[in-house]
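Heads up, the thing below is written out as structure tokens.
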Amino acid sequence: MKKSRLLGLFLAVVMMVTCLPVSAFAAGEDASKIVDATYSVVVDEEAGTTEENTYKVYLPAGYSEDNSYPTVYLMPQDGYASKQYVDDGIQARLDELMKSGAILSMVVVMPDFEEGDDYRALLPAIVAD
């Protein structure tokens, strides 16, 4: 995928920007990283069953749990999964933009949804995690 399209997708699919600590992830490393995480969604309230879903989180260079960061939720489009963002080089592109000062240091959450999933129903589970 071309860099301009990757950046265009990044900017076009931003659903929400907020500040929150990402306390579930290791902190304090000098290099940026992308970590895997999971969230639970209730499948059947009566039966009490839940389903585990995955997402990836980009943590900027120097990330610290002691700081708050703007958080961008990068929603997949047309079956575009978080692994594809990683494979297309989103980490290097974000590093480059942050290093140049073009964008602020931020956390980027990349959830995986299946075709037909309702973002509005699933997003609160990711944000709450």
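By order in the structure tokens, chains are A, B, ...; within a chain, residues start at 1; ligands start at 1, following the order shown.
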Neighbours of region 101-109 of chain A within 8 Å (only C-alpha atoms; same-chain residues fewer than 3 positions away dropped), as a PyMOL selection string? chain A and resi 55-60+69-74+97-98
How many Å separate CA of Asn53 (chain A) from CA of Ala37 (chain A)?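 Computing it gives 8.5 Å between the two atoms.
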